[in-house]
$ cat upload-v2.json   # JSON, C-alpha atoms
[["chain", "number", "residue", "atom", "x", "y", "z"],
["A", 1, "MET", "CA", -14.98, 2.02, -10.63],
["A", 2, "PHE", "CA", -15.16, 2.45, -14.41],
["A", 3, "TRP", "CA", -12.53, 5.22, -14.40],
["A", 4, "TYR", "CA", -9.86, 2.70, -13.35],
["A", 5, "GLU", "CA", -10.47, 0.46, -16.36],
["A", 6, "ASP", "CA", -7.42, 1.49, -18.40],
["A", 7, "GLU", "CA", -5.16, 1.12, -15.38],
["A", 8, "VAL", "CA", -6.57, -2.30, -14.54],
["A", 9, "LYS", "CA", -6.08, -3.45, -18.13],
["A", 10, "ARG", "CA", -2.45, -2.31, -17.82],
["A", 11, "LEU", "CA", -2.05, -4.47, -14.71],
["A", 12, "GLU", "CA", -3.61, -7.42, -16.50],
["A", 13, "ALA", "CA", -1.01, -7.01, -19.25],
["A", 14, "ILE", "CA", 1.78, -6.95, -16.65],
["A", 15, "ARG", "CA", 0.38, -10.14, -15.15],
["A", 16, "MET", "CA", 0.61, -11.86, -18.54],
["A", 17, "GLN", "CA", 4.31, -10.87, -18.74],
["A", 18, "LYS", "CA", 5.35, -11.52, -15.11],
["A", 19, "GLY", "CA", 2.92, -14.15, -13.91],
["A", 20, "TYR", "CA", 4.46, -16.85, -11.78],
["A", 21, "ASN", "CA", 7.90, -15.18, -11.73],
["A", 22, "ALA", "CA", 6.82, -12.53, -9.22],
["A", 23, "GLU", "CA", 7.62, -13.47, -5.63],
["A", 24, "THR", "CA", 6.47, -10.17, -4.09],
["A", 25, "ILE", "CA", 3.42, -8.19, -5.16],
["A", 26, "PHE", "CA", 3.36, -4.49, -4.32],
["A", 27, "TYR", "CA", -0.29, -3.48, -4.60],
["A", 28, "GLY", "CA", -2.10, -0.20, -4.11],
["A", 29, "SER", "CA", -2.28, 3.42, -5.15],
["A", 30, "SER", "CA", 0.04, 5.83, -6.97],
["A", 31, "SER", "CA", 2.57, 5.77, -4.13],
["A", 32, "ILE", "CA", 3.26, 2.23, -5.35],
["A", 33, "ARG", "CA", 2.72, 2.89, -9.07],
["A", 34, "LEU", "CA", 5.17, 5.83, -9.15],
["A", 35, "TRP", "CA", 7.91, 3.88, -7.35],
["A", 36, "ASP", "CA", 10.20, 3.78, -10.40],
["A", 37, "THR", "CA", 13.09, 2.14, -8.55],
["A", 38, "LEU", "CA", 10.99, -0.54, -6.85],
["A", 39, "GLY", "CA", 12.36, -3.32, -9.05],
["A", 40, "ASP", "CA", 15.95, -2.46, -8.09],
["A", 41, "ASP", "CA", 15.17, -1.52, -4.48],
["A", 42, "PHE", "CA", 13.72, -4.95, -3.78],
["A", 43, "LYS", "CA", 15.53, -6.96, -6.43],
["A", 44, "GLU", "CA", 16.16, -9.89, -4.07],
["A", 45, "LEU", "CA", 12.38, -10.19, -3.52],
["A", 46, "SER", "CA", 11.54, -10.54, -7.25],
["A", 47, "PRO", "CA", 8.87, -7.81, -7.06],
["A", 48, "VAL", "CA", 6.10, -6.77, -9.42],
["A", 49, "ASN", "CA", 4.59, -3.29, -9.23],
["A", 50, "MET", "CA", 0.80, -3.59, -9.22],
["A", 51, "GLY", "CA", 0.00, -0.03, -8.19],
["A", 52, "PHE", "CA", -2.61, 1.92, -10.10],
["A", 53, "GLY", "CA", -3.00, 5.68, -10.11],
["A", 54, "GLY", "CA", -5.63, 7.23, -7.90],
["A", 55, "SER", "CA", -6.54, 3.87, -6.44],
["A", 56, "THR", "CA", -8.55, 3.72, -3.27],
["A", 57, "LEU", "CA", -8.54, 0.82, -0.84],
["A", 58, "ALA", "CA", -12.10, 0.24, -2.03],
["A", 59, "ALA", "CA", -10.81, -0.12, -5.61],
["A", 60, "CYS", "CA", -8.08, -2.51, -4.46],
["A", 61, "VAL", "CA", -10.81, -4.73, -3.03],
["A", 62, "TRP", "CA", -13.07, -4.35, -6.07],
["A", 63, "PHE", "CA", -10.40, -5.35, -8.60],
["A", 64, "PHE", "CA", -8.48, -7.86, -6.48],
["A", 65, "ASP", "CA", -9.98, -11.01, -7.97],
["A", 66, "ARG", "CA", -9.52, -9.65, -11.47],
["A", 67, "ILE", "CA", -5.88, -8.63, -11.06],
["A", 68, "MET", "CA", -4.44, -11.46, -8.95],
["A", 69, "PRO", "CA", -5.18, -14.70, -10.88],
["A", 70, "GLY", "CA", -1.98, -16.28, -12.18],
["A", 71, "TYR", "CA", 0.19, -15.11, -9.31],
["A", 72, "GLN", "CA", 1.61, -17.37, -6.63],
["A", 73, "PRO", "CA", 3.58, -14.85, -4.56],
["A", 74, "LYS", "CA", 5.60, -15.42, -1.42],
["A", 75, "ARG", "CA", 4.41, -12.11, 0.05],
["A", 76, "LEU", "CA", 2.09, -9.16, -0.56],
["A", 77, "VAL", "CA", 2.82, -5.51, 0.29],
["A", 78, "VAL", "CA", -0.12, -3.07, 0.25],
["A", 79, "TYR", "CA", -0.38, 0.72, 0.33],
["A", 80, "ALA", "CA", -3.87, 2.17, -0.07],
["A", 81, "GLY", "CA", -6.46, 4.13, 1.89],
["A", 82, "ASP", "CA", -4.92, 7.56, 1.46],
["A", 83, "ASN", "CA", -7.20, 8.45, -1.46],
["A", 84, "ASP", "CA", -10.29, 7.09, 0.27],
["A", 85, "LEU", "CA", -9.93, 9.67, 3.03],
["A", 86, "GLY", "CA", -9.03, 12.33, 0.46],
["A", 87, "ASP", "CA", -12.30, 11.53, -1.32],
["A", 88, "GLY", "CA", -14.26, 12.15, 1.87],
["A", 89, "ARG", "CA", -14.68, 8.64, 3.21],
["A", 90, "HIS", "CA", -14.55, 8.11, 6.95],
["A", 91, "PRO", "CA", -11.82, 6.16, 8.80],
["A", 92, "GLU", "CA", -14.32, 3.44, 9.72],
["A", 93, "GLU", "CA", -15.15, 2.93, 6.04],
["A", 94, "VAL", "CA", -11.46, 2.60, 5.16],
["A", 95, "PHE", "CA", -11.09, 0.09, 8.00],
["A", 96, "ILE", "CA", -13.95, -1.98, 6.59],
["A", 97, "PHE", "CA", -12.31, -1.92, 3.14],
["A", 98, "PHE", "CA", -9.11, -3.20, 4.75],
["A", 99, "GLN", "CA", -11.02, -6.03, 6.42],
["A", 100, "GLN", "CA", -12.58, -6.91, 3.07],
["A", 101, "LEU", "CA", -9.17, -6.93, 1.39],
["A", 102, "ALA", "CA", -7.79, -9.24, 4.09],
["A", 103, "VAL", "CA", -10.68, -11.66, 3.41],
["A", 104, "ARG", "CA", -9.96, -11.58, -0.34],
["A", 105, "VAL", "CA", -6.27, -12.23, 0.25],
["A", 106, "GLN", "CA", -7.01, -15.13, 2.59],
["A", 107, "SER", "CA", -9.45, -16.64, 0.11],
["A", 108, "ARG", "CA", -7.01, -16.52, -2.80],
["A", 109, "PHE", "CA", -3.62, -17.01, -1.16],
["A", 110, "GLY", "CA", -4.25, -18.55, 2.25],
["A", 111, "ASN", "CA", -1.89, -17.52, 5.06],
["A", 112, "LEU", "CA", 0.39, -15.54, 2.77],
["A", 113, "PRO", "CA", 2.75, -13.16, 4.62],
["A", 114, "CYS", "CA", 1.24, -9.70, 4.06],
["A", 115, "TYR", "CA", 2.43, -6.21, 4.92],
["A", 116, "TYR", "CA", 0.26, -3.13, 5.22],
["A", 117, "ILE", "CA", 2.13, 0.17, 4.84],
["A", 118, "SER", "CA", 0.51, 2.77, 7.08],
["A", 119, "LEU", "CA", -1.07, 5.84, 5.55],
["A", 120, "LYS", "CA", 1.52, 8.55, 5.07],
["A", 121, "PRO", "CA", 1.15, 12.08, 6.53],
["A", 122, "SER", "CA", 0.94, 13.97, 3.24],
["A", 123, "ILE", "CA", 1.45, 17.73, 3.38],
["A", 124, "SER", "CA", -1.42, 18.35, 0.96],
["A", 125, "ARG", "CA", -3.78, 16.38, 3.21],
["A", 126, "HIS", "CA", -2.48, 17.66, 6.53],
["A", 127, "TYR", "CA", -5.98, 18.93, 7.34],
["A", 128, "LEU", "CA", -6.96, 15.25, 7.57],
["A", 129, "ILE", "CA", -3.98, 14.18, 9.68],
["A", 130, "ASP", "CA", -6.12, 13.18, 12.68],
["A", 131, "GLN", "CA", -8.26, 10.97, 10.43],
["A", 132, "PHE", "CA", -5.12, 9.42, 8.94],
["A", 133, "ARG", "CA", -3.76, 8.74, 12.43],
["A", 134, "PHE", "CA", -7.08, 7.24, 13.57],
["A", 135, "THR", "CA", -7.35, 5.03, 10.47],
["A", 136, "ASN", "CA", -3.81, 3.77, 10.97],
["A", 137, "GLY", "CA", -4.66, 2.94, 14.58],
["A", 138, "LEU", "CA", -7.73, 0.93, 13.59],
["A", 139, "ILE", "CA", -5.81, -1.11, 11.02],
["A", 140, "GLU", "CA", -2.78, -1.61, 13.25],
["A", 141, "LYS", "CA", -5.00, -2.95, 16.04],
["A", 142, "GLU", "CA", -6.88, -5.26, 13.65],
["A", 143, "ILE", "CA", -3.61, -6.73, 12.45],
["A", 144, "ALA", "CA", -2.29, -7.17, 16.00],
["A", 145, "ASP", "CA", -5.52, -8.72, 17.29],
["A", 146, "ASN", "CA", -6.84, -10.80, 14.40],
["A", 147, "LEU", "CA", -4.49, -11.17, 11.42],
["A", 148, "THR", "CA", -1.49, -13.29, 12.31],
["A", 149, "ASN", "CA", -0.12, -13.37, 8.75],
["A", 150, "TRP", "CA", -0.20, -9.55, 8.38],
["A", 151, "ARG", "CA", 2.40, -7.05, 9.58],
["A", 152, "TYR", "CA", 1.78, -3.33, 10.03],
["A", 153, "ILE", "CA", 4.56, -1.10, 8.69],
["A", 154, "ASP", "CA", 4.64, 2.36, 10.24],
["A", 155, "VAL", "CA", 5.84, 5.04, 7.80],
["A", 156, "PHE", "CA", 3.57, 7.71, 9.31],
["A", 157, "ASN", "CA", 5.66, 8.57, 12.36],
["A", 158, "PRO", "CA", 9.09, 8.40, 10.66],
["A", 159, "MET", "CA", 7.86, 10.97, 8.10],
["A", 160, "LEU", "CA", 7.06, 13.54, 10.82],
["A", 161, "ASN", "CA", 9.51, 15.95, 12.40],
["A", 162, "VAL", "CA", 9.93, 16.37, 16.16],
["A", 163, "GLY", "CA", 7.04, 18.86, 16.13],
["A", 164, "GLY", "CA", 4.69, 16.31, 14.57],
["A", 165, "GLN", "CA", 4.64, 17.97, 11.14],
["A", 166, "PRO", "CA", 5.29, 16.20, 7.80],
["A", 167, "GLN", "CA", 8.88, 16.61, 6.64],
["A", 168, "PRO", "CA", 8.80, 18.35, 3.23],
["A", 169, "HIS", "CA", 11.89, 16.61, 1.83],
["A", 170, "PHE", "CA", 9.98, 13.31, 1.80],
["A", 171, "PHE", "CA", 7.48, 14.72, -0.72],
["A", 172, "LEU", "CA", 7.38, 16.16, -4.22],
["A", 173, "ASP", "CA", 6.26, 19.75, -4.75],
["A", 174, "ASP", "CA", 2.62, 18.61, -4.83],
["A", 175, "GLY", "CA", 2.90, 17.67, -1.16],
["A", 176, "LEU", "CA", 1.24, 14.33, -1.88],
["A", 177, "HIS", "CA", 3.55, 12.01, -3.77],
["A", 178, "LEU", "CA", 6.88, 10.76, -2.51],
["A", 179, "SER", "CA", 10.28, 12.21, -3.35],
["A", 180, "THR", "CA", 13.43, 10.15, -3.78],
["A", 181, "ALA", "CA", 14.09, 10.65, -0.06],
["A", 182, "GLY", "CA", 10.58, 9.47, 0.75],
["A", 183, "TYR", "CA", 11.02, 6.28, -1.21],
["A", 184, "ALA", "CA", 14.43, 5.70, 0.40],
["A", 185, "LEU", "CA", 12.77, 5.90, 3.83],
["A", 186, "TRP", "CA", 10.02, 3.51, 2.73],
["A", 187, "LYS", "CA", 12.56, 1.06, 1.33],
["A", 188, "THR", "CA", 14.53, 0.97, 4.58],
["A", 189, "THR", "CA", 11.39, 0.63, 6.69],
["A", 190, "ILE", "CA", 9.83, -2.11, 4.54],
["A", 191, "ASP", "CA", 13.13, -4.01, 4.32],
["A", 192, "ARG", "CA", 13.43, -4.01, 8.09],
["A", 193, "GLU", "CA", 9.93, -5.45, 8.57],
["A", 194, "ILE", "CA", 10.23, -8.12, 5.88],
["A", 195, "ASN", "CA", 13.66, -9.22, 7.09],
["A", 196, "ALA", "CA", 12.37, -9.43, 10.66],
["A", 197, "ASP", "CA", 10.27, -12.48, 9.68]]
$ encode --input "upload-v2.json" --output "structure tokens"
Amino acid sequence: MFWYEDEVKRLEAIRMQKGYNAETIFYGSSSIRLWDTLGDDFKELSPVNMGFGGSTLAACVWFFDRIMPGYQPKRLVVYAGDNDLGDGRHPEEVFIFFQQLAVRVQSRFGNLPCYYISLKPSISRHYLIDQFRFTNGLIEKEIADNLTNWRYIDVFNPMLNVGGQPQPHFFLDDGLHLSTAGYALWKTTIDREINAD
């Protein structure tokens, strides 16, 4: 986990600036970190962007207790797991990392309302799409069966066309990171889930 050190130090600096003012923590990988309009998109939720580039769900668990002290949020939104599968981990491993994260969240924040954004169907990782779908299913079921304070947010299916293929306009040219249209879809989807509570 050493290679994340600079990014984690950056998040620690953000925490010193934002601290108790943040009502909503967005936590996870570069899909969160690169969301340049997040502050405006969710202005009414007083968000803080705690994404770090290349992050795995494993790294989110590893650094959680180091990054989160000082925050007293009203909600947590998480996107991670994409890079774990890209690195060759199995869906069951990613599921275990999610379970571990849920334990860390419960320990620090109690029954905080939490939202897990499903893994997205990236074009560049389309060869793994069945693993992404299976991982999403495991996490969605865990939330439905055992985690009453968590909500599963499905962005996977809305990003597919009628033929079940990823829609290119939701992605940048690298086929991995989100375009402006991709973030607009995420914003609408996340808003709908949060406002449903």
$ residues_around --input "upload-v2.json" --residues "range 68-83 of chain A" --least-positions-apart "3" --cutoff "7 Å" --atoms "all atoms listed in the file" --output "list in words"
Gly19, Tyr20, Ala22, Glu23, Thr24, Ile25, Phe26, Tyr27, Gly28, Ser29, Ile32, Gly54, Ser55, Thr56, Leu57, Phe64, Asp65, Gly86, Asp87, Val94, Leu112, Pro113, Cys114, Tyr115, Tyr116, Ile117 and Leu119 of chain A
$ closest_residue --input "upload-v2.json" --among "A:Asn49, A:Thr188, A:Asn195, A:Asn157" --to "Ser122 in chain A" --atoms "all atoms listed in the file"
A:Asn157
$ closest_residue --input "upload-v2.json" --among "A:Phe95, A:Tyr183, A:Phe52, A:Phe42" --to "Lys141 in chain A" --atoms "only C-alpha atoms"
A:Phe95
$ atom_distance --input "upload-v2.json" --atom1 "CA of Lys120 in chain A" --atom2 "CA of Arg108 in chain A"
27.6 Å
$ closest_residue --input "upload-v2.json" --among "A:Ala196, A:Leu128, A:Leu85, A:Pro121" --to "Asn161 in chain A" --atoms "only C-alpha atoms"
A:Pro121
$ closest_residue --input "upload-v2.json" --among "A:Arg133, A:His126, A:Arg66, A:Lys43" --to "Gly175 in chain A" --atoms "only C-alpha atoms"
A:His126
$ closest_residue --input "upload-v2.json" --among "A:Leu34, A:Glu44, A:Met50, A:Glu140" --to "Lys9 in chain A" --atoms "only C-alpha atoms"
A:Met50
$ atom_distance --input "upload-v2.json" --atom1 "CA of Pro47 in chain A" --atom2 "CA of His177 in chain A"
20.8 Å
$ atom_distance --input "upload-v2.json" --atom1 "CA of Phe63 in chain A" --atom2 "CA of Ile190 in chain A"
24.3 Å
$ closest_residue --input "upload-v2.json" --among "A:Trp35, A:Tyr4, A:Trp186, A:Phe98" --to "Glu142 in chain A" --atoms "all atoms listed in the file"
A:Phe98
$ axis_aligned_box --input "upload-v2.json" --around "range 65-74 of chain A" --padding-each-side "4 Å" --output "JSON"
{"center_x": -2.2, "center_y": -13.0, "center_z": -6.8, "size_x": 23.6, "size_y": 16.7, "size_z": 18.8}
$ residues_near_point --input "upload-v2.json" --point "(13.1, 8.3, 0.7)" --cutoff "12 Å" --atoms "only C-alpha atoms" --output "PyMOL selection string"
chain A and resi 31+35+37-38+41+155+158-159+167-172+177-190
$ write_last_selection --input "upload-v2.json" --atoms "C-alpha atoms" --output "PDB file, keeping the file's coordinate frame"
ATOM      1  CA  SER A  31       2.570   5.770  -4.130  1.00  0.00           C
ATOM      2  CA  TRP A  35       7.910   3.880  -7.350  1.00  0.00           C
ATOM      3  CA  THR A  37      13.090   2.140  -8.550  1.00  0.00           C
ATOM      4  CA  LEU A  38      10.990  -0.540  -6.850  1.00  0.00           C
ATOM      5  CA  ASP A  41      15.170  -1.520  -4.480  1.00  0.00           C
ATOM      6  CA  VAL A 155       5.840   5.040   7.800  1.00  0.00           C
ATOM      7  CA  PRO A 158       9.090   8.400  10.660  1.00  0.00           C
ATOM      8  CA  MET A 159       7.860  10.970   8.100  1.00  0.00           C
ATOM      9  CA  GLN A 167       8.880  16.610   6.640  1.00  0.00           C
ATOM     10  CA  PRO A 168       8.800  18.350   3.230  1.00  0.00           C
ATOM     11  CA  HIS A 169      11.890  16.610   1.830  1.00  0.00           C
ATOM     12  CA  PHE A 170       9.980  13.310   1.800  1.00  0.00           C
ATOM     13  CA  PHE A 171       7.480  14.720  -0.720  1.00  0.00           C
ATOM     14  CA  LEU A 172       7.380  16.160  -4.220  1.00  0.00           C
ATOM     15  CA  HIS A 177       3.550  12.010  -3.770  1.00  0.00           C
ATOM     16  CA  LEU A 178       6.880  10.760  -2.510  1.00  0.00           C
ATOM     17  CA  SER A 179      10.280  12.210  -3.350  1.00  0.00           C
ATOM     18  CA  THR A 180      13.430  10.150  -3.780  1.00  0.00           C
ATOM     19  CA  ALA A 181      14.090  10.650  -0.060  1.00  0.00           C
ATOM     20  CA  GLY A 182      10.580   9.470   0.750  1.00  0.00           C
ATOM     21  CA  TYR A 183      11.020   6.280  -1.210  1.00  0.00           C
ATOM     22  CA  ALA A 184      14.430   5.700   0.400  1.00  0.00           C
ATOM     23  CA  LEU A 185      12.770   5.900   3.830  1.00  0.00           C
ATOM     24  CA  TRP A 186      10.020   3.510   2.730  1.00  0.00           C
ATOM     25  CA  LYS A 187      12.560   1.060   1.330  1.00  0.00           C
ATOM     26  CA  THR A 188      14.530   0.970   4.580  1.00  0.00           C
ATOM     27  CA  THR A 189      11.390   0.630   6.690  1.00  0.00           C
ATOM     28  CA  ILE A 190       9.830  -2.110   4.540  1.00  0.00           C
TER      29      ILE A 190
END
